[in-house]
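**Q** Quick one: this structure, given as structure tokens, is what I'll be asking you about.
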Amino acid sequence: MTMYDELGLRRVINAKATMTPLGGSLMPREVLEAMVDAAGSFVDVGQLQKAVGERIAALTHNEAAYVANSCAAGLALAAAACATGTDIPKIYRVPDLTGMPDEIAIHNSHRFVFDNSFRLAGFTLREFGLSHVTTEWQLEAALSERTAAIAYVVAPHLTGKGYLPLQTVVNIARARGIPVIVDAAAQLPPVSNLWHFTREVGADLAIFSGGKDLRGPQSSGLIVGRKDLIEAITLHGSPNIALGRPMKVGKEELVGLYAAVRRYVALDHDALGRLYEQRVVTMIGALDGASHLHACRDWPNEAGQPAPRALVRFAPPLSRDAIVAALQDEDPPIAVHLAGDDGILLNPMTLEDGEDLIVARRVRAAAALPV
Ligand SMILES: *Cc1c(COP(=O)(O)O)cnc(C)c1O
């Protein structure tokens, strides 16, 4: 009997994505073991944060790194750090930003659900550009002495299309001495993104979810980038009783994310890519020949990650919604991504071994039900 059984809950097969409502991702054994190890004794958490940050910075070729308790928390801490620097009285005044730069400039097309993290830290969002097009002068015109940072969201699945290239934004921001914060929560793989945005493009900070492809603790996030800004973030963060205290990171998450990053940079990502391709082939093969549906490979996935998915489209008399409901009803329920009005997408990245076939057979069985 599992804990979920005891609590009266059904485990879910996740053919959708690394999503918080479904539990993020699954931690590999070495991450779990690292957390159990950390849980076994007391430690100076401030020193642990520093040691973990230094190791992760080295592993990801960054100047510095910080473990937050989510990407969303990282956005709030990063913005606050850009406004306060390491000035202690200012740090303890946040979210009251009187006398500090209090705006986060953001593309109109980058407005998205998580930008409330900036408002949590006291900032006003200063939008520039239009949903379908943004010009350099629109960005320039939005910048002033009130600008604490420019937020840049890399998330084609959540944002509009009309944004400037990150390199253009970085060049304009650099000339003004304004930091650029990249929300790269779901931009792994490729693993090189851990240093691409900061080291190669020159953004000041980039933030990733710990509970997505890194497969660290669900309540963890990773900030990488400029050393002075990471130092300011550290002052805002727990165990200090400032903005970051209600977003505290435990010793288990600190060590867990370190183990996850260590594992991630050492993974054979090509082999993993081949495994995902194989799962997609398996799913398509198991659906082949079924009536009123068509399955094919789709690329890239919704977050723009270089990974395939199986796209299944249903034709009358089948109803996509009825099939999704059937997948949800049975035990274990299967979560899938919706595609248009008539399709579903099956993601191999969040499946466990053998679940590719289970998912495809369940879809096939649902499609064979009388309608
Ligand atoms: C998932 C996601 C977040 C939130 O990440 P958490 O680590 O769950 O806080 C923020 N921004 C984008 C673009 C995301 O995809």
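In the structure tokens, the first chain shown is A, the next is B, and so on; residue numbers restart at 1 for each chain, and ligands run from 1 in the order shown.
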Could you give me the residues within 9 Å of ligand 1, counting only C-alpha atoms and all ligand atoms, as a ChimeraX atom specification?
**A** /A:18-20,24,68-75,112-115,153-159,183-187,207-212,218-222,303
**Q** What's the separation between atom CA of A:Phe123 and atom CA of A:Thr198, in Å to one decimal place?
**A**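 Separation between atom CA of A:Phe123 and atom CA of A:Thr198: 23.3 Å.
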**Q** Could you pull out the residues in stretch 37-220 of chain A that DSSP calls alpha helix (DSSP H) from the backbone, as a VMD selection string?
**A** chain A and resid 37 to 39 45 to 59 71 to 84 88 to 93 116 to 120 136 to 142 166 to 176 193 to 195
**Q** Out of A:Leu120, A:Ala83, A:Leu369, A:Val94, which residue has the shortest atom-to-atom distance to A:Glu145 when counting only C-alpha atoms?
**A**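 Between A:Leu120, A:Ala83, A:Leu369, A:Val94, the residue approaching A:Glu145 most closely is A:Ala83.
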**Q** Write out as a ChimeraX atom specification which residues come within 10 Å of stretch 6-13 of chain A when counting only C-alpha atoms, dropping same-chain ones fewer than 2 positions away.
**A** /A:1-4,15-16,22-23,327-328,330-336,350-352,355-356,358-359
**Q** Please save C-alpha atoms of the selected residues as a PDB file, in the first residue's frame.
**A**
```
ATOM      1  CA  MET A   1       0.000   0.000   0.000  1.00  0.00           C
ATOM      2  CA  THR A   2       1.456   3.345  -1.000  1.00  0.00           C
ATOM      3  CA  MET A   3       0.957   6.660   0.774  1.00  0.00           C
ATOM      4  CA  TYR A   4      -1.316   7.736  -2.074  1.00  0.00           C
ATOM      5  CA  ALA A  15       1.950  11.624 -20.635  1.00  0.00           C
ATOM      6  CA  LYS A  16       1.526  15.396 -20.551  1.00  0.00           C
ATOM      7  CA  LEU A  22       0.744  16.730 -11.601  1.00  0.00           C
ATOM      8  CA  GLY A  23       3.712  16.795  -9.221  1.00  0.00           C
ATOM      9  CA  LEU A 327      -8.286   8.103 -20.036  1.00  0.00           C
ATOM     10  CA  GLN A 328      -8.972  10.134 -16.880  1.00  0.00           C
ATOM     11  CA  GLU A 330      -9.816   4.567 -15.459  1.00  0.00           C
ATOM     12  CA  ASP A 331      -7.231   3.578 -12.902  1.00  0.00           C
ATOM     13  CA  PRO A 332      -4.530   4.788 -13.166  1.00  0.00           C
ATOM     14  CA  PRO A 333      -5.735   7.962 -14.850  1.00  0.00           C
ATOM     15  CA  ILE A 334      -3.601   9.130 -17.771  1.00  0.00           C
ATOM     16  CA  ALA A 335      -2.922  12.849 -18.243  1.00  0.00           C
ATOM     17  CA  VAL A 336      -2.371  14.011 -21.830  1.00  0.00           C
ATOM     18  CA  THR A 350       7.525  12.133 -18.250  1.00  0.00           C
ATOM     19  CA  LEU A 351       6.774   8.434 -18.785  1.00  0.00           C
ATOM     20  CA  GLU A 352       8.415   5.637 -16.866  1.00  0.00           C
ATOM     21  CA  GLU A 355       4.292   3.224 -19.716  1.00  0.00           C
ATOM     22  CA  ASP A 356       4.566   4.125 -23.422  1.00  0.00           C
ATOM     23  CA  ILE A 358       0.305   1.156 -21.491  1.00  0.00           C
ATOM     24  CA  VAL A 359      -0.670   4.645 -22.636  1.00  0.00           C
TER      25      VAL A 359
END
```
**Q** Mind listing the strand (DSSP E or B) residues of stretch 66-239 of chain A, per DSSP on the backbone, as a PyMOL selection string?
**A** chain A and resi 66-68+103-107+124-128+147-153+180-183+205-209+221-225+237
**Q** Within 12 Å of A:Arg320, counting only C-alpha atoms, which residues show up once you throw out same-chain ones fewer than 2 positions away? Write them as a PyMOL selection string, please.
**A** chain A and resi 292-293+312-318+322-327+336-345+363+366-367+371
**Q** Can you pull out every residue within 9 Å of stretch 259-276 of chain A, counting only C-alpha atoms, but drop anything in the same chain fewer than 3 positions away, and send it as number ranges by chain?
**A** A: 27-28, 30-32, 34-35, 55-56, 59-60, 189-192, 210, 213-217, 254-256, 279-281, 306-309, 347-349
**Q** Mind dumping the selected residues with N, CA and C atoms as an mmCIF file, in the first residue's frame?
**A**
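Output saved as out.cif:
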```cif
data_model
loop_
_atom_site.group_PDB
_atom_site.id
_atom_site.type_symbol
_atom_site.label_atom_id
_atom_site.label_comp_id
_atom_site.auth_asym_id
_atom_site.auth_seq_id
_atom_site.Cartn_x
_atom_site.Cartn_y
_atom_site.Cartn_z
ATOM 1 N N MET A 27 11.808 12.258 -9.073
ATOM 2 C CA MET A 27 13.226 12.344 -8.720
ATOM 3 C C MET A 27 13.898 10.982 -8.893
ATOM 4 N N PRO A 28 15.034 10.945 -9.587
ATOM 5 C CA PRO A 28 15.787 9.694 -9.700
ATOM 6 C C PRO A 28 16.322 9.282 -8.313
ATOM 7 N N GLU A 30 19.223 8.665 -7.132
ATOM 8 C CA GLU A 30 20.372 9.354 -6.542
ATOM 9 C C GLU A 30 20.000 10.708 -5.955
ATOM 10 N N VAL A 31 18.946 11.326 -6.489
ATOM 11 C CA VAL A 31 18.471 12.593 -5.908
ATOM 12 C C VAL A 31 17.774 12.310 -4.578
ATOM 13 N N LEU A 32 16.910 11.281 -4.583
ATOM 14 C CA LEU A 32 16.213 10.908 -3.348
ATOM 15 C C LEU A 32 17.202 10.530 -2.256
ATOM 16 N N ALA A 34 20.272 11.494 -1.934
ATOM 17 C CA ALA A 34 20.965 12.693 -1.459
ATOM 18 C C ALA A 34 20.086 13.444 -0.448
ATOM 19 N N MET A 35 18.784 13.466 -0.696
ATOM 20 C CA MET A 35 17.870 14.161 0.216
ATOM 21 C C MET A 35 17.752 13.425 1.543
ATOM 22 N N ARG A 55 29.280 24.844 -6.082
ATOM 23 C CA ARG A 55 29.404 23.613 -6.870
ATOM 24 C C ARG A 55 28.550 23.673 -8.133
ATOM 25 N N ILE A 56 27.327 24.171 -7.988
ATOM 26 C CA ILE A 56 26.446 24.223 -9.168
ATOM 27 C C ILE A 56 26.987 25.232 -10.185
ATOM 28 N N LEU A 59 29.641 23.457 -12.072
ATOM 29 C CA LEU A 59 29.083 22.423 -12.956
ATOM 30 C C LEU A 59 28.414 23.027 -14.186
ATOM 31 N N THR A 60 27.888 24.248 -14.049
ATOM 32 C CA THR A 60 27.129 24.854 -15.147
ATOM 33 C C THR A 60 27.896 25.995 -15.821
ATOM 34 N N PRO A 189 15.731 20.042 -21.780
ATOM 35 C CA PRO A 189 16.969 20.212 -22.510
ATOM 36 C C PRO A 189 16.869 21.314 -23.558
ATOM 37 N N PRO A 190 17.965 21.722 -24.189
ATOM 38 C CA PRO A 190 19.307 21.150 -24.089
ATOM 39 C C PRO A 190 20.025 21.585 -22.812
ATOM 40 N N VAL A 191 20.901 20.722 -22.328
ATOM 41 C CA VAL A 191 21.647 20.978 -21.102
ATOM 42 C C VAL A 191 22.469 22.260 -21.233
ATOM 43 N N SER A 192 22.887 22.591 -22.448
ATOM 44 C CA SER A 192 23.733 23.776 -22.661
ATOM 45 C C SER A 192 23.007 25.072 -22.304
ATOM 46 N N GLY A 210 13.595 23.529 -10.751
ATOM 47 C CA GLY A 210 14.270 22.313 -10.305
ATOM 48 C C GLY A 210 13.414 21.083 -10.552
ATOM 49 N N ASP A 213 12.763 19.246 -16.099
ATOM 50 C CA ASP A 213 13.643 18.200 -16.634
ATOM 51 C C ASP A 213 14.872 17.923 -15.760
ATOM 52 N N LEU A 214 15.232 18.856 -14.887
ATOM 53 C CA LEU A 214 16.366 18.582 -13.980
ATOM 54 C C LEU A 214 16.041 17.417 -13.042
ATOM 55 N N ARG A 215 14.747 17.204 -12.821
ATOM 56 C CA ARG A 215 14.259 16.122 -11.947
ATOM 57 C C ARG A 215 14.822 16.234 -10.529
ATOM 58 N N GLY A 216 14.948 17.478 -10.092
ATOM 59 C CA GLY A 216 15.272 17.729 -8.692
ATOM 60 C C GLY A 216 13.988 17.796 -7.889
ATOM 61 N N PRO A 217 14.082 18.252 -6.632
ATOM 62 C CA PRO A 217 12.870 18.392 -5.824
ATOM 63 C C PRO A 217 11.872 19.314 -6.521
ATOM 64 N N LEU A 254 18.134 21.729 -0.999
ATOM 65 C CA LEU A 254 19.443 22.250 -1.418
ATOM 66 C C LEU A 254 20.331 21.114 -1.920
ATOM 67 N N VAL A 255 20.421 20.078 -1.119
ATOM 68 C CA VAL A 255 21.276 18.942 -1.490
ATOM 69 C C VAL A 255 20.649 18.171 -2.663
ATOM 70 N N GLY A 256 19.325 18.078 -2.661
ATOM 71 C CA GLY A 256 18.635 17.367 -3.745
ATOM 72 C C GLY A 256 18.866 18.042 -5.091
ATOM 73 N N ARG A 279 10.209 5.624 -27.578
ATOM 74 C CA ARG A 279 8.884 5.595 -26.939
ATOM 75 C C ARG A 279 7.812 6.124 -27.890
ATOM 76 N N VAL A 280 8.154 7.162 -28.648
ATOM 77 C CA VAL A 280 7.181 7.714 -29.601
ATOM 78 C C VAL A 280 6.893 6.692 -30.691
ATOM 79 N N VAL A 281 7.941 6.026 -31.188
ATOM 80 C CA VAL A 281 7.760 4.974 -32.200
ATOM 81 C C VAL A 281 6.871 3.863 -31.639
ATOM 82 N N PRO A 306 13.897 20.335 -27.560
ATOM 83 C CA PRO A 306 14.165 19.439 -28.690
ATOM 84 C C PRO A 306 13.835 17.996 -28.331
ATOM 85 N N ALA A 307 12.563 17.680 -28.303
ATOM 86 C CA ALA A 307 12.118 16.332 -27.953
ATOM 87 C C ALA A 307 10.815 16.062 -28.707
ATOM 88 N N PRO A 308 10.610 14.794 -29.095
ATOM 89 C CA PRO A 308 9.425 14.464 -29.891
ATOM 90 C C PRO A 308 8.214 14.151 -29.004
ATOM 91 N N ARG A 309 7.058 14.190 -29.595
ATOM 92 C CA ARG A 309 5.848 13.666 -28.949
ATOM 93 C C ARG A 309 5.048 12.899 -29.999
ATOM 94 N N ASN A 347 3.566 12.714 -24.431
ATOM 95 C CA ASN A 347 4.944 13.144 -24.170
ATOM 96 C C ASN A 347 5.761 12.004 -23.550
ATOM 97 N N PRO A 348 6.841 11.585 -24.222
ATOM 98 C CA PRO A 348 7.621 10.461 -23.693
ATOM 99 C C PRO A 348 8.505 10.860 -22.502
ATOM 100 N N MET A 349 8.710 12.157 -22.291
ATOM 101 C CA MET A 349 9.716 12.588 -21.312
ATOM 102 C C MET A 349 9.295 12.313 -19.869
#
```
